[in-house]
>>> print(open('final-v2.cif').read())   # mmCIF, C-alpha atoms
data_upload
loop_
_atom_site.group_PDB
_atom_site.id
_atom_site.type_symbol
_atom_site.label_atom_id
_atom_site.label_comp_id
_atom_site.auth_asym_id
_atom_site.auth_seq_id
_atom_site.Cartn_x
_atom_site.Cartn_y
_atom_site.Cartn_z
ATOM 1 C CA GLN A 58 5.019 -16.748 10.779
ATOM 2 C CA LEU A 59 5.334 -13.974 8.220
ATOM 3 C CA GLN A 60 2.449 -11.558 8.539
ATOM 4 C CA LEU A 61 1.446 -8.140 7.268
ATOM 5 C CA VAL A 62 -1.284 -6.214 9.046
ATOM 6 C CA GLU A 63 -2.933 -3.117 7.629
ATOM 7 C CA SER A 64 -4.678 -0.518 9.766
ATOM 8 C CA GLY A 65 -5.987 3.025 9.511
ATOM 9 C CA GLY A 66 -8.909 2.544 7.176
ATOM 10 C CA GLY A 67 -12.334 3.984 7.819
ATOM 11 C CA LEU A 68 -15.074 6.293 6.603
ATOM 12 C CA VAL A 69 -14.051 9.772 5.489
ATOM 13 C CA GLN A 70 -15.756 12.593 3.635
ATOM 14 C CA PRO A 71 -14.606 13.632 0.160
ATOM 15 C CA GLY A 72 -11.573 15.871 0.473
ATOM 16 C CA GLY A 73 -10.526 14.254 3.714
ATOM 17 C CA SER A 74 -7.389 12.345 4.639
ATOM 18 C CA LEU A 75 -6.404 8.981 6.052
ATOM 19 C CA ARG A 76 -3.093 7.367 6.846
ATOM 20 C CA LEU A 77 -2.815 3.634 6.352
ATOM 21 C CA SER A 78 -0.162 1.568 8.103
ATOM 22 C CA CYS A 79 1.286 -1.779 7.127
ATOM 23 C CA ALA A 80 3.092 -3.487 9.979
ATOM 24 C CA ALA A 81 5.151 -6.633 9.566
ATOM 25 C CA SER A 82 5.612 -9.377 12.087
ATOM 26 C CA GLY A 83 7.705 -12.505 11.888
ATOM 27 C CA PHE A 84 10.180 -10.904 9.503
ATOM 28 C CA THR A 85 11.958 -7.643 8.872
ATOM 29 C CA LEU A 86 10.852 -5.462 6.003
ATOM 30 C CA ASP A 87 14.317 -4.036 5.405
ATOM 31 C CA TYR A 88 14.967 -6.038 2.239
ATOM 32 C CA TYR A 89 11.462 -6.060 0.820
ATOM 33 C CA ALA A 90 9.871 -3.704 -1.639
ATOM 34 C CA ILE A 91 6.332 -2.903 -0.558
ATOM 35 C CA GLY A 92 3.268 -2.195 -2.621
ATOM 36 C CA TRP A 93 -0.136 -0.851 -1.737
ATOM 37 C CA PHE A 94 -2.982 -2.235 -3.813
ATOM 38 C CA ARG A 95 -6.714 -1.688 -3.703
ATOM 39 C CA GLN A 96 -9.786 -3.535 -4.870
ATOM 40 C CA ALA A 97 -13.218 -2.028 -5.275
ATOM 41 C CA PRO A 98 -16.352 -4.192 -5.572
ATOM 42 C CA GLY A 99 -16.595 -5.740 -9.013
ATOM 43 C CA LYS A 100 -13.163 -4.503 -10.065
ATOM 44 C CA GLU A 101 -9.748 -6.063 -10.368
ATOM 45 C CA ARG A 102 -7.076 -5.434 -7.793
ATOM 46 C CA GLU A 103 -4.948 -2.495 -8.868
ATOM 47 C CA GLY A 104 -1.615 -1.113 -7.794
ATOM 48 C CA VAL A 105 -1.703 2.208 -5.979
ATOM 49 C CA SER A 106 1.811 2.936 -4.776
ATOM 50 C CA PHE A 107 5.153 1.206 -4.371
ATOM 51 C CA ILE A 108 8.349 1.791 -2.442
ATOM 52 C CA SER A 109 11.790 0.235 -2.648
ATOM 53 C CA SER A 110 13.443 -1.512 0.294
ATOM 54 C CA SER A 111 15.537 1.549 1.084
ATOM 55 C CA GLY A 112 12.699 3.985 0.532
ATOM 56 C CA GLY A 113 14.731 5.778 -2.091
ATOM 57 C CA SER A 114 12.435 4.898 -4.980
ATOM 58 C CA THR A 115 8.675 5.284 -5.144
ATOM 59 C CA ASN A 116 6.003 4.865 -7.770
ATOM 60 C CA TYR A 117 2.368 5.960 -7.919
ATOM 61 C CA ALA A 118 -0.628 5.130 -10.033
ATOM 62 C CA HIS A 119 -1.695 8.057 -12.178
ATOM 63 C CA SER A 120 -5.022 8.263 -10.363
ATOM 64 C CA VAL A 121 -3.402 8.975 -6.981
ATOM 65 C CA ASN A 122 -0.239 10.828 -7.982
ATOM 66 C CA GLY A 123 -0.015 14.103 -6.103
ATOM 67 C CA ARG A 124 -2.584 13.032 -3.515
ATOM 68 C CA PHE A 125 -1.034 9.917 -1.917
ATOM 69 C CA THR A 126 2.408 9.564 -0.373
ATOM 70 C CA ILE A 127 4.090 6.280 0.471
ATOM 71 C CA SER A 128 6.825 6.104 3.086
ATOM 72 C CA ARG A 129 8.493 3.569 5.319
ATOM 73 C CA ASP A 130 10.143 3.400 8.714
ATOM 74 C CA ASN A 131 12.289 0.292 8.720
ATOM 75 C CA ALA A 132 13.129 0.813 12.384
ATOM 76 C CA LYS A 133 9.425 0.364 13.126
ATOM 77 C CA ASN A 134 9.027 -2.349 10.481
ATOM 78 C CA THR A 135 6.142 -0.350 9.044
ATOM 79 C CA VAL A 136 5.137 1.184 5.731
ATOM 80 C CA TYR A 137 2.638 4.022 5.472
ATOM 81 C CA LEU A 138 0.289 5.395 2.852
ATOM 82 C CA GLN A 139 -0.801 8.974 3.474
ATOM 83 C CA MET A 140 -3.948 9.653 1.470
ATOM 84 C CA ASN A 141 -5.088 13.254 1.013
ATOM 85 C CA SER A 142 -7.866 14.848 -1.030
ATOM 86 C CA LEU A 143 -9.759 11.589 -1.016
ATOM 87 C CA GLU A 144 -12.428 11.032 -3.629
ATOM 88 C CA PRO A 145 -15.377 8.610 -3.722
ATOM 89 C CA GLU A 146 -13.482 6.720 -6.438
ATOM 90 C CA ASP A 147 -10.827 5.863 -3.828
ATOM 91 C CA THR A 148 -13.319 3.665 -1.987
ATOM 92 C CA ALA A 149 -11.902 0.136 -1.840
ATOM 93 C CA VAL A 150 -10.244 -2.446 0.330
ATOM 94 C CA TYR A 151 -6.580 -1.508 0.573
ATOM 95 C CA TYR A 152 -3.903 -4.174 0.842
ATOM 96 C CA CYS A 153 -0.184 -3.999 1.423
ATOM 97 C CA ALA A 154 2.100 -6.622 -0.042
ATOM 98 C CA ALA A 155 5.791 -7.471 0.133
ATOM 99 C CA ASP A 156 8.103 -8.387 -2.740
ATOM 100 C CA GLU A 157 10.853 -10.621 -1.342
ATOM 101 C CA SER A 158 13.029 -10.433 -4.456
ATOM 102 C CA PRO A 159 12.800 -6.842 -5.660
ATOM 103 C CA PRO A 160 14.704 -6.026 -8.837
ATOM 104 C CA ALA A 161 17.911 -4.052 -8.553
ATOM 105 C CA ASN A 162 16.358 -1.288 -10.614
ATOM 106 C CA GLY A 163 12.715 -0.356 -10.664
ATOM 107 C CA LEU A 164 9.676 -1.616 -8.787
ATOM 108 C CA ARG A 165 7.283 -4.398 -9.643
ATOM 109 C CA VAL A 166 3.686 -3.237 -9.980
ATOM 110 C CA GLY A 167 1.712 -6.405 -10.693
ATOM 111 C CA PRO A 168 -0.173 -8.113 -7.850
ATOM 112 C CA SER A 169 1.063 -11.551 -8.920
ATOM 113 C CA GLU A 170 4.644 -10.411 -8.410
ATOM 114 C CA TYR A 171 4.204 -9.881 -4.687
ATOM 115 C CA ASP A 172 4.776 -12.693 -2.243
ATOM 116 C CA TYR A 173 3.129 -11.773 1.054
ATOM 117 C CA TRP A 174 -0.165 -10.015 1.604
ATOM 118 C CA GLY A 175 -2.082 -8.454 4.452
ATOM 119 C CA GLN A 176 -5.773 -9.014 5.080
ATOM 120 C CA GLY A 177 -6.805 -5.559 3.885
ATOM 121 C CA THR A 178 -8.424 -2.502 5.402
ATOM 122 C CA GLN A 179 -11.607 -0.852 4.142
ATOM 123 C CA VAL A 180 -11.512 2.761 3.002
ATOM 124 C CA THR A 181 -14.848 4.402 2.273
ATOM 125 C CA VAL A 182 -15.067 7.942 0.939
ATOM 126 C CA SER A 183 -18.598 9.243 1.158
ATOM 127 C CA SER A 184 -20.566 12.259 2.312
#
>>> encode(input="final-v2.cif", output="structure tokens")
Amino acid sequence: QLQLVESGGGLVQPGGSLRLSCAASGFTLDYYAIGWFRQAPGKEREGVSFISSSGGSTNYAHSVNGRFTISRDNAKNTVYLQMNSLEPEDTAVYYCAADESPPANGLRVGPSEYDYWGQGTQVTVSS
């Protein structure tokens, strides 16, 4: 059974850091592009960061560019999202998702374009 499991969320003060992990089971992530999305209460799910299957291409939402870093370790079948300088506006449930047919060039950024989803992990930024 194909499964993605996020971990690493929690409560952190403004300016703090967290590292989220997205581990796959039942399949290998080698050929999948991965996206991190987030959804705050009352808001639509939005794309945060994306990485190609090889890790050679990444993309970030404007709101997190320079603060978040996406990476992957295909040997560990895991994708990471390092989040620094966290702000209260970053509070949301964070999801990772896998695109099983990534385009040859570029990265998909829409939630509907991703095929497999994790259950989410809560990130709360508050003093």
>>> resolve_selection(input="final-v2.cif", expression="the PyMOL selection byres ((chain A and resi 116-129) around 8)", output="compact mmCIF listing (two decimals) with C-alpha atoms, in the coordinates of the input")
# COMPACT_ATOMS: atom_id res chain seq x y z
CA GLY A 104 -1.62 -1.11 -7.79
CA VAL A 105 -1.70 2.21 -5.98
CA SER A 106 1.81 2.94 -4.78
CA PHE A 107 5.15 1.21 -4.37
CA ILE A 108 8.35 1.79 -2.44
CA GLY A 112 12.70 3.98 0.53
CA SER A 114 12.44 4.90 -4.98
CA THR A 115 8.68 5.28 -5.14
CA ASP A 130 10.14 3.40 8.71
CA ASN A 131 12.29 0.29 8.72
CA ASN A 134 9.03 -2.35 10.48
CA THR A 135 6.14 -0.35 9.04
CA VAL A 136 5.14 1.18 5.73
CA TYR A 137 2.64 4.02 5.47
CA LEU A 138 0.29 5.40 2.85
CA GLN A 139 -0.80 8.97 3.47
CA MET A 140 -3.95 9.65 1.47
CA ASN A 141 -5.09 13.25 1.01
CA SER A 142 -7.87 14.85 -1.03
CA LEU A 143 -9.76 11.59 -1.02
CA LEU A 164 9.68 -1.62 -8.79
>>> atom_distance(input="final-v2.cif", atom1="CA of Gln70 (chain A)", atom2="CA of Gly175 (chain A)")
25.1 Å
>>> resolve_selection(input="final-v2.cif", expression="the PyMOL selection byres ((chain A and resi 84) around 12)", output="list of chain:residue names")
A:Gln58, A:Leu59, A:Gln60, A:Leu61, A:Ala80, A:Ala81, A:Ser82, A:Gly83, A:Thr85, A:Leu86, A:Asp87, A:Tyr88, A:Tyr89, A:Asn131, A:Lys133, A:Asn134, A:Thr135, A:Ala155, A:Glu157, A:Tyr173
>>> atom_distance(input="final-v2.cif", atom1="CA of Gly73 (chain A)", atom2="CA of Gly167 (chain A)")
28.0 Å
>>> resolve_selection(input="final-v2.cif", expression="the PyMOL selection byres ((chain A and resi 156) around 7)", output="PyMOL selection string")
chain A and resi 89-91+154-155+157-159+170-172
>>> closest_residue(input="final-v2.cif", among="A:Ala149, A:Ala97, A:Leu68, A:Gly163", to="Ser110 (chain A)", atoms="only C-alpha atoms")
A:Gly163
>>> atom_distance(input="final-v2.cif", atom1="CA of Asn162 (chain A)", atom2="CA of Ser111 (chain A)")
12.1 Å
>>> residues_near_point(input="final-v2.cif", point="(0.9, -4.4, -2.3)", cutoff="6 Å", atoms="all atoms listed in the file", output="list of chain:residue names")
A:Ile91, A:Gly92, A:Trp93, A:Phe94, A:Tyr152, A:Cys153, A:Ala154
>>> closest_residue(input="final-v2.cif", among="A:Gln176, A:Ser109, A:Ser183, A:Ser64", to="Thr148 (chain A)", atoms="all atoms listed in the file")
A:Ser183
>>> closest_residue(input="final-v2.cif", among="A:Gly113, A:Ser169, A:Pro98, A:Arg76", to="Glu146 (chain A)", atoms="all atoms listed in the file")
A:Pro98
